[in-house]
Amino acid sequence: MDTLQGKVVIVTGAGSGIGKCSAELLAARGAKVVLVGRRKAVLDEVAAGIVRQGGQAWSCATHIENKEEVQALVSWVNAELGPVDILVNNAGSASKTLNARWIEEEEWQQVQDVNLKAVFLLTQAVLPDMLASKNGTIITVSSLAALRPNLLGGAAYGAAKAGVRNFMTYLHNTFRNDGIRSTCILPGEVNTPIMDNRANPPSQTIRDNMVQPEDVAEAVLLCAGLPARTVIEELIVAPTVMRDISGDLEVSRWKGAPESLMAERERS
């Protein structure tokens with residue numbers, strides 16, 4: 001139970017949802033948790049809550065898709081707390097336009113940057129110290145959309161999450177004998193704020209039957225807290241009950257379509 005005591009942990013997307021719950025659980029087990037996100041005030045509030053519960057937490061607003069900011073983050077952590085023992089890549093972003101037919105290049109790239117490029121940049125920044133100590137854990141929250149892509153998450157999101165799943169497998173195959181544990185967690189639908197951005201936001205009743213943020217956080221804690229001799233390579237966390245998404249898919253298909261085509265569709 002003391003495998004996380006004193007460990008230095010970075011959690012991205014820590015202001016809400018899975019990241020917030022993961023940070024709270026890791027801190028409760030004695031880890032020194034650095035909360036990363038874009039909104040400093042939100043991160044400060046989460047950190048204050050952790051400290052009130054007797055944990056240790058620091059907040060650092062960072063654009064994780066920016067290499068200079070990532071390097072500055074890791075340099076600050078190294079100087080203040082020591083080398084990073086555990087990296088939890090949780091931050092995610094989905095596009096508003098879900099159909100590959102309509103999405104603009106800029107929107108596509110933004111989704112790739114947050115979900116895939118940022119994981120690469122953070123990993124590259126913490127890997128040298130992990131390799132030097134022959135010990136480290138990198139956990140990335142991907143998505144079941146990596147395996148079963150559809151219009152709910154959208155083309156850009158599914159492609160990015162598949163890419164990051166591939167990257168985590170690469171890390172596992174390349175560095176496992178150097179003491180580096182690489183884990184990919186693939187949740188199904190999770191009741192997080194990202195649901196508000198869906199083409200057809202689900203009702204509260206539907207959300208209550210989804211995987212909850214704390215469920216995925218428990219998976220993160222499991223993967224991080226196992227003895228160093230053991231790694232969970234990949235873990236799927238899905239809702240027990242499968243819901244009917246046919247209506248959602250049809251709405252998603254047309255979100256972002258040109259107005260001329262939407263008018264033609266409504267006339268037909």
# chains A, B, ... in the order shown; residues from 1 in each chain; ligands from 1
call {"tool": "select_by_dssp", "arguments": {"residues": "range 52-268 of chain A", "states": "strand (DSSP E)", "output": "list in words"}}
result
Gln56, Ala57, Trp58, Ser59, Cys60, Ala61, Ile86, Leu87, Val88, Asn89, Gly136, Thr137, Ile138, Ile139, Thr140, Val141, Ile180, Arg181, Ser182, Thr183, Cys184, Ile185, Leu186, Pro187, Glu234, Leu235, Ile236 and Val237 of chain A
call {"tool": "write_last_selection", "arguments": {"atoms": "N, CA and C atoms", "output": "compact mmCIF listing (two decimals), in the first residue's frame"}}
result
# COMPACT_ATOMS: atom_id res chain seq x y z
N GLN A 56 -0.59 16.23 -0.82
CA GLN A 56 0.36 17.20 -1.35
C GLN A 56 0.06 17.42 -2.83
N ALA A 57 -0.14 18.68 -3.21
CA ALA A 57 -0.50 18.99 -4.58
C ALA A 57 -0.01 20.37 -4.97
N TRP A 58 0.39 20.49 -6.21
CA TRP A 58 0.83 21.75 -6.79
C TRP A 58 0.10 21.92 -8.12
N SER A 59 -0.14 23.16 -8.52
CA SER A 59 -0.82 23.39 -9.79
C SER A 59 0.11 24.15 -10.74
N CYS A 60 0.01 23.82 -12.01
CA CYS A 60 0.86 24.46 -13.01
C CYS A 60 0.10 24.57 -14.32
N ALA A 61 -0.32 25.76 -14.68
CA ALA A 61 -1.03 25.97 -15.95
C ALA A 61 -0.06 25.84 -17.10
N ILE A 86 5.91 9.22 -12.13
CA ILE A 86 4.70 8.75 -12.81
C ILE A 86 4.12 9.90 -13.63
N LEU A 87 3.85 9.63 -14.88
CA LEU A 87 3.19 10.59 -15.76
C LEU A 87 1.83 10.03 -16.13
N VAL A 88 0.77 10.80 -15.84
CA VAL A 88 -0.58 10.41 -16.22
C VAL A 88 -1.07 11.36 -17.31
N ASN A 89 -1.07 10.88 -18.54
CA ASN A 89 -1.55 11.66 -19.68
C ASN A 89 -3.06 11.49 -19.78
N GLY A 136 10.05 3.98 -13.85
CA GLY A 136 9.10 5.03 -14.21
C GLY A 136 7.82 4.43 -14.76
N THR A 137 6.74 5.18 -14.63
CA THR A 137 5.43 4.72 -15.09
C THR A 137 4.78 5.81 -15.94
N ILE A 138 4.34 5.44 -17.12
CA ILE A 138 3.63 6.36 -18.01
C ILE A 138 2.27 5.75 -18.30
N ILE A 139 1.23 6.43 -17.86
CA ILE A 139 -0.15 5.97 -18.04
C ILE A 139 -0.87 6.96 -18.93
N THR A 140 -1.47 6.49 -19.99
CA THR A 140 -2.21 7.37 -20.89
C THR A 140 -3.66 6.92 -20.98
N VAL A 141 -4.56 7.88 -20.77
CA VAL A 141 -5.98 7.61 -20.92
C VAL A 141 -6.34 7.87 -22.39
N ILE A 180 10.75 0.80 -17.48
CA ILE A 180 9.66 1.74 -17.74
C ILE A 180 8.36 0.97 -17.98
N ARG A 181 7.34 1.30 -17.20
CA ARG A 181 6.02 0.71 -17.39
C ARG A 181 5.16 1.66 -18.21
N SER A 182 4.58 1.16 -19.28
CA SER A 182 3.71 1.97 -20.14
C SER A 182 2.34 1.32 -20.20
N THR A 183 1.33 2.08 -19.86
CA THR A 183 -0.03 1.56 -19.77
C THR A 183 -0.99 2.44 -20.57
N CYS A 184 -1.89 1.81 -21.30
CA CYS A 184 -2.93 2.52 -22.02
C CYS A 184 -4.29 2.09 -21.47
N ILE A 185 -5.06 3.07 -21.00
CA ILE A 185 -6.41 2.82 -20.51
C ILE A 185 -7.40 3.32 -21.55
N LEU A 186 -8.35 2.45 -21.91
CA LEU A 186 -9.32 2.79 -22.95
C LEU A 186 -10.72 2.79 -22.36
N PRO A 187 -11.20 3.95 -21.92
CA PRO A 187 -12.57 4.01 -21.37
C PRO A 187 -13.60 4.11 -22.50
N GLU A 234 -2.60 -2.81 -21.10
CA GLU A 234 -3.78 -2.15 -21.67
C GLU A 234 -5.00 -2.56 -20.86
N LEU A 235 -5.92 -1.61 -20.68
CA LEU A 235 -7.08 -1.87 -19.84
C LEU A 235 -8.30 -1.15 -20.43
N ILE A 236 -9.36 -1.91 -20.71
CA ILE A 236 -10.61 -1.34 -21.20
C ILE A 236 -11.57 -1.19 -20.02
N VAL A 237 -12.16 0.01 -19.89
CA VAL A 237 -13.14 0.29 -18.85
C VAL A 237 -14.40 0.77 -19.56
call {"tool": "residues_around", "arguments": {"residues": "Leu122 in chain A", "least_positions_apart": "4", "cutoff": "9 Å", "atoms": "only C-alpha atoms", "output": "mmCIF file with all heavy atoms, in the first residue's frame"}}
result
data_model
loop_
_atom_site.group_PDB
_atom_site.id
_atom_site.type_symbol
_atom_site.label_atom_id
_atom_site.label_comp_id
_atom_site.auth_asym_id
_atom_site.auth_seq_id
_atom_site.Cartn_x
_atom_site.Cartn_y
_atom_site.Cartn_z
ATOM 1 N N ILE A 64 0.065 21.971 -22.998
ATOM 2 C CA ILE A 64 0.894 20.777 -23.130
ATOM 3 C C ILE A 64 1.206 20.414 -24.576
ATOM 4 O O ILE A 64 2.036 19.527 -24.821
ATOM 5 C CB ILE A 64 0.248 19.563 -22.418
ATOM 6 C CG1 ILE A 64 -1.172 19.319 -22.935
ATOM 7 C CG2 ILE A 64 0.256 19.775 -20.907
ATOM 8 C CD1 ILE A 64 -1.805 18.054 -22.377
ATOM 9 N N GLU A 65 0.574 21.089 -25.530
ATOM 10 C CA GLU A 65 0.913 20.859 -26.928
ATOM 11 C C GLU A 65 2.062 21.765 -27.387
ATOM 12 O O GLU A 65 2.469 21.727 -28.549
ATOM 13 C CB GLU A 65 -0.313 21.051 -27.816
ATOM 14 C CG GLU A 65 -0.815 22.476 -27.932
ATOM 15 C CD GLU A 65 -1.752 22.875 -26.817
ATOM 16 O OE1 GLU A 65 -1.679 22.276 -25.717
ATOM 17 O OE2 GLU A 65 -2.561 23.799 -27.032
ATOM 18 N N LYS A 67 5.985 22.665 -26.898
ATOM 19 C CA LYS A 67 7.202 22.013 -26.409
ATOM 20 C C LYS A 67 7.919 22.842 -25.356
ATOM 21 O O LYS A 67 8.379 22.300 -24.337
ATOM 22 C CB LYS A 67 8.149 21.726 -27.578
ATOM 23 C CG LYS A 67 9.412 20.978 -27.170
ATOM 24 C CD LYS A 67 10.245 20.580 -28.372
ATOM 25 C CE LYS A 67 11.453 19.766 -27.950
ATOM 26 N NZ LYS A 67 12.258 19.311 -29.120
ATOM 27 N N VAL A 70 6.091 22.602 -22.045
ATOM 28 C CA VAL A 70 6.264 21.270 -21.454
ATOM 29 C C VAL A 70 7.648 21.148 -20.824
ATOM 30 O O VAL A 70 7.798 20.648 -19.695
ATOM 31 C CB VAL A 70 6.048 20.177 -22.512
ATOM 32 C CG1 VAL A 70 6.534 18.816 -22.000
ATOM 33 C CG2 VAL A 70 4.579 20.089 -22.900
ATOM 34 N N GLN A 71 8.658 21.609 -21.525
ATOM 35 C CA GLN A 71 10.011 21.544 -20.976
ATOM 36 C C GLN A 71 10.134 22.394 -19.717
ATOM 37 O O GLN A 71 10.784 21.982 -18.742
ATOM 38 C CB GLN A 71 11.019 22.002 -22.036
ATOM 39 C CG GLN A 71 11.173 21.016 -23.184
ATOM 40 C CD GLN A 71 12.111 21.504 -24.267
ATOM 41 O OE1 GLN A 71 12.232 22.716 -24.517
ATOM 42 N NE2 GLN A 71 12.789 20.580 -24.929
ATOM 43 N N VAL A 74 8.432 20.436 -16.773
ATOM 44 C CA VAL A 74 9.228 19.329 -16.236
ATOM 45 C C VAL A 74 10.473 19.850 -15.521
ATOM 46 O O VAL A 74 10.871 19.315 -14.481
ATOM 47 C CB VAL A 74 9.583 18.346 -17.370
ATOM 48 C CG1 VAL A 74 10.532 17.251 -16.860
ATOM 49 C CG2 VAL A 74 8.312 17.709 -17.930
ATOM 50 N N LEU A 87 3.855 9.632 -14.878
ATOM 51 C CA LEU A 87 3.189 10.591 -15.761
ATOM 52 C C LEU A 87 1.827 10.031 -16.127
ATOM 53 O O LEU A 87 1.727 8.917 -16.653
ATOM 54 C CB LEU A 87 4.019 10.821 -17.023
ATOM 55 C CG LEU A 87 3.343 11.596 -18.163
ATOM 56 C CD1 LEU A 87 3.002 13.022 -17.744
ATOM 57 C CD2 LEU A 87 4.247 11.602 -19.411
ATOM 58 N N ASN A 89 -1.068 10.884 -18.540
ATOM 59 C CA ASN A 89 -1.548 11.661 -19.680
ATOM 60 C C ASN A 89 -3.062 11.492 -19.778
ATOM 61 O O ASN A 89 -3.545 10.492 -20.304
ATOM 62 C CB ASN A 89 -0.896 11.164 -20.979
ATOM 63 C CG ASN A 89 0.590 11.412 -21.026
ATOM 64 O OD1 ASN A 89 1.041 12.543 -20.916
ATOM 65 N ND2 ASN A 89 1.366 10.341 -21.174
ATOM 66 N N LYS A 117 0.094 14.686 -29.815
ATOM 67 C CA LYS A 117 1.377 15.401 -29.749
ATOM 68 C C LYS A 117 1.777 15.687 -28.313
ATOM 69 O O LYS A 117 2.947 15.538 -27.938
ATOM 70 C CB LYS A 117 1.288 16.698 -30.551
ATOM 71 C CG LYS A 117 2.556 17.550 -30.504
ATOM 72 C CD LYS A 117 2.344 18.870 -31.218
ATOM 73 C CE LYS A 117 3.549 19.780 -31.070
ATOM 74 N NZ LYS A 117 3.318 21.113 -31.691
ATOM 75 N N ALA A 118 0.824 16.114 -27.482
ATOM 76 C CA ALA A 118 1.138 16.447 -26.088
ATOM 77 C C ALA A 118 1.664 15.240 -25.326
ATOM 78 O O ALA A 118 2.579 15.367 -24.499
ATOM 79 C CB ALA A 118 -0.102 17.008 -25.397
ATOM 80 N N VAL A 126 10.057 13.514 -19.805
ATOM 81 C CA VAL A 126 10.299 12.790 -18.547
ATOM 82 C C VAL A 126 11.124 11.525 -18.746
ATOM 83 O O VAL A 126 11.680 10.980 -17.780
ATOM 84 C CB VAL A 126 8.969 12.412 -17.852
ATOM 85 C CG1 VAL A 126 8.138 13.666 -17.589
ATOM 86 C CG2 VAL A 126 8.166 11.396 -18.657
ATOM 87 N N LEU A 127 11.238 11.056 -19.963
ATOM 88 C CA LEU A 127 11.877 9.765 -20.216
ATOM 89 C C LEU A 127 13.354 9.706 -19.828
ATOM 90 O O LEU A 127 13.798 8.682 -19.268
ATOM 91 C CB LEU A 127 11.698 9.394 -21.697
ATOM 92 C CG LEU A 127 11.829 7.920 -22.092
ATOM 93 C CD1 LEU A 127 10.953 7.029 -21.220
ATOM 94 C CD2 LEU A 127 11.468 7.746 -23.567
#
call {"tool": "select_by_dssp", "arguments": {"residues": "range 37-73 of chain A", "states": "alpha helix (DSSP H)", "output": "count of residues only"}}
result
20
call {"tool": "residues_around", "arguments": {"residues": "range 43-50 of chain A", "least_positions_apart": "3", "cutoff": "8 Å", "atoms": "only C-alpha atoms", "output": "list in words"}}
result
Ala14, Gly15, Lys20, Glu24, Ala27, Ala28, Leu35, Val36, Gly37, Arg39, Lys40, Gln53, Gly54, Gly55, Gln56, Ala57, Trp58, Ser59, Cys60 and Ala61 of chain A
call {"tool": "closest_residue", "arguments": {"among": "A:Val9, A:Ala100, A:Ala132, A:Leu171", "to": "Val119 in chain A", "atoms": "only C-alpha atoms"}}
result
A:Leu171
call {"tool": "closest_residue", "arguments": {"among": "A:Ala224, A:Met242, A:Ala91, A:Ala160", "to": "Gly17 in chain A", "atoms": "only C-alpha atoms"}}
result
A:Ala91
call {"tool": "closest_residue", "arguments": {"among": "A:Ser143, A:Thr12, A:Asn191, A:Asn135", "to": "Ala228 in chain A", "atoms": "only C-alpha atoms"}}
result
A:Asn135
call {"tool": "residues_around", "arguments": {"residues": "range 203-210 of chain A", "least_positions_apart": "5", "cutoff": "6 Å", "atoms": "only C-alpha atoms", "output": "ChimeraX atom specification"}}
result
/A:189-191,239
call {"tool": "write_last_selection", "arguments": {"atoms": "N, CA and C atoms", "output": "short mmCIF file (atom, residue, chain, number, x, y, z; two decimals), in the first residue's frame"}}
result
data_model
loop_
_atom_site.label_atom_id
_atom_site.label_comp_id
_atom_site.auth_asym_id
_atom_site.auth_seq_id
_atom_site.Cartn_x
_atom_site.Cartn_y
_atom_site.Cartn_z
N GLU A 189 -17.77 5.41 -22.93
CA GLU A 189 -18.34 6.71 -22.61
C GLU A 189 -18.21 7.01 -21.12
N VAL A 190 -17.64 8.17 -20.80
CA VAL A 190 -17.45 8.58 -19.42
C VAL A 190 -18.21 9.88 -19.18
N ASN A 191 -18.86 9.97 -18.05
CA ASN A 191 -19.64 11.15 -17.71
C ASN A 191 -18.72 12.29 -17.27
N PRO A 239 -18.96 0.86 -19.97
CA PRO A 239 -20.25 0.73 -19.29
C PRO A 239 -20.77 -0.70 -19.41
#
call {"tool": "atom_distance", "arguments": {"atom1": "CA of Asn66 in chain A", "atom2": "CA of Asp113 in chain A"}}
result
8.8 Å
call {"tool": "atom_distance", "arguments": {"atom1": "CA of Asp215 in chain A", "atom2": "CA of Gly82 in chain A"}}
result
29.4 Å
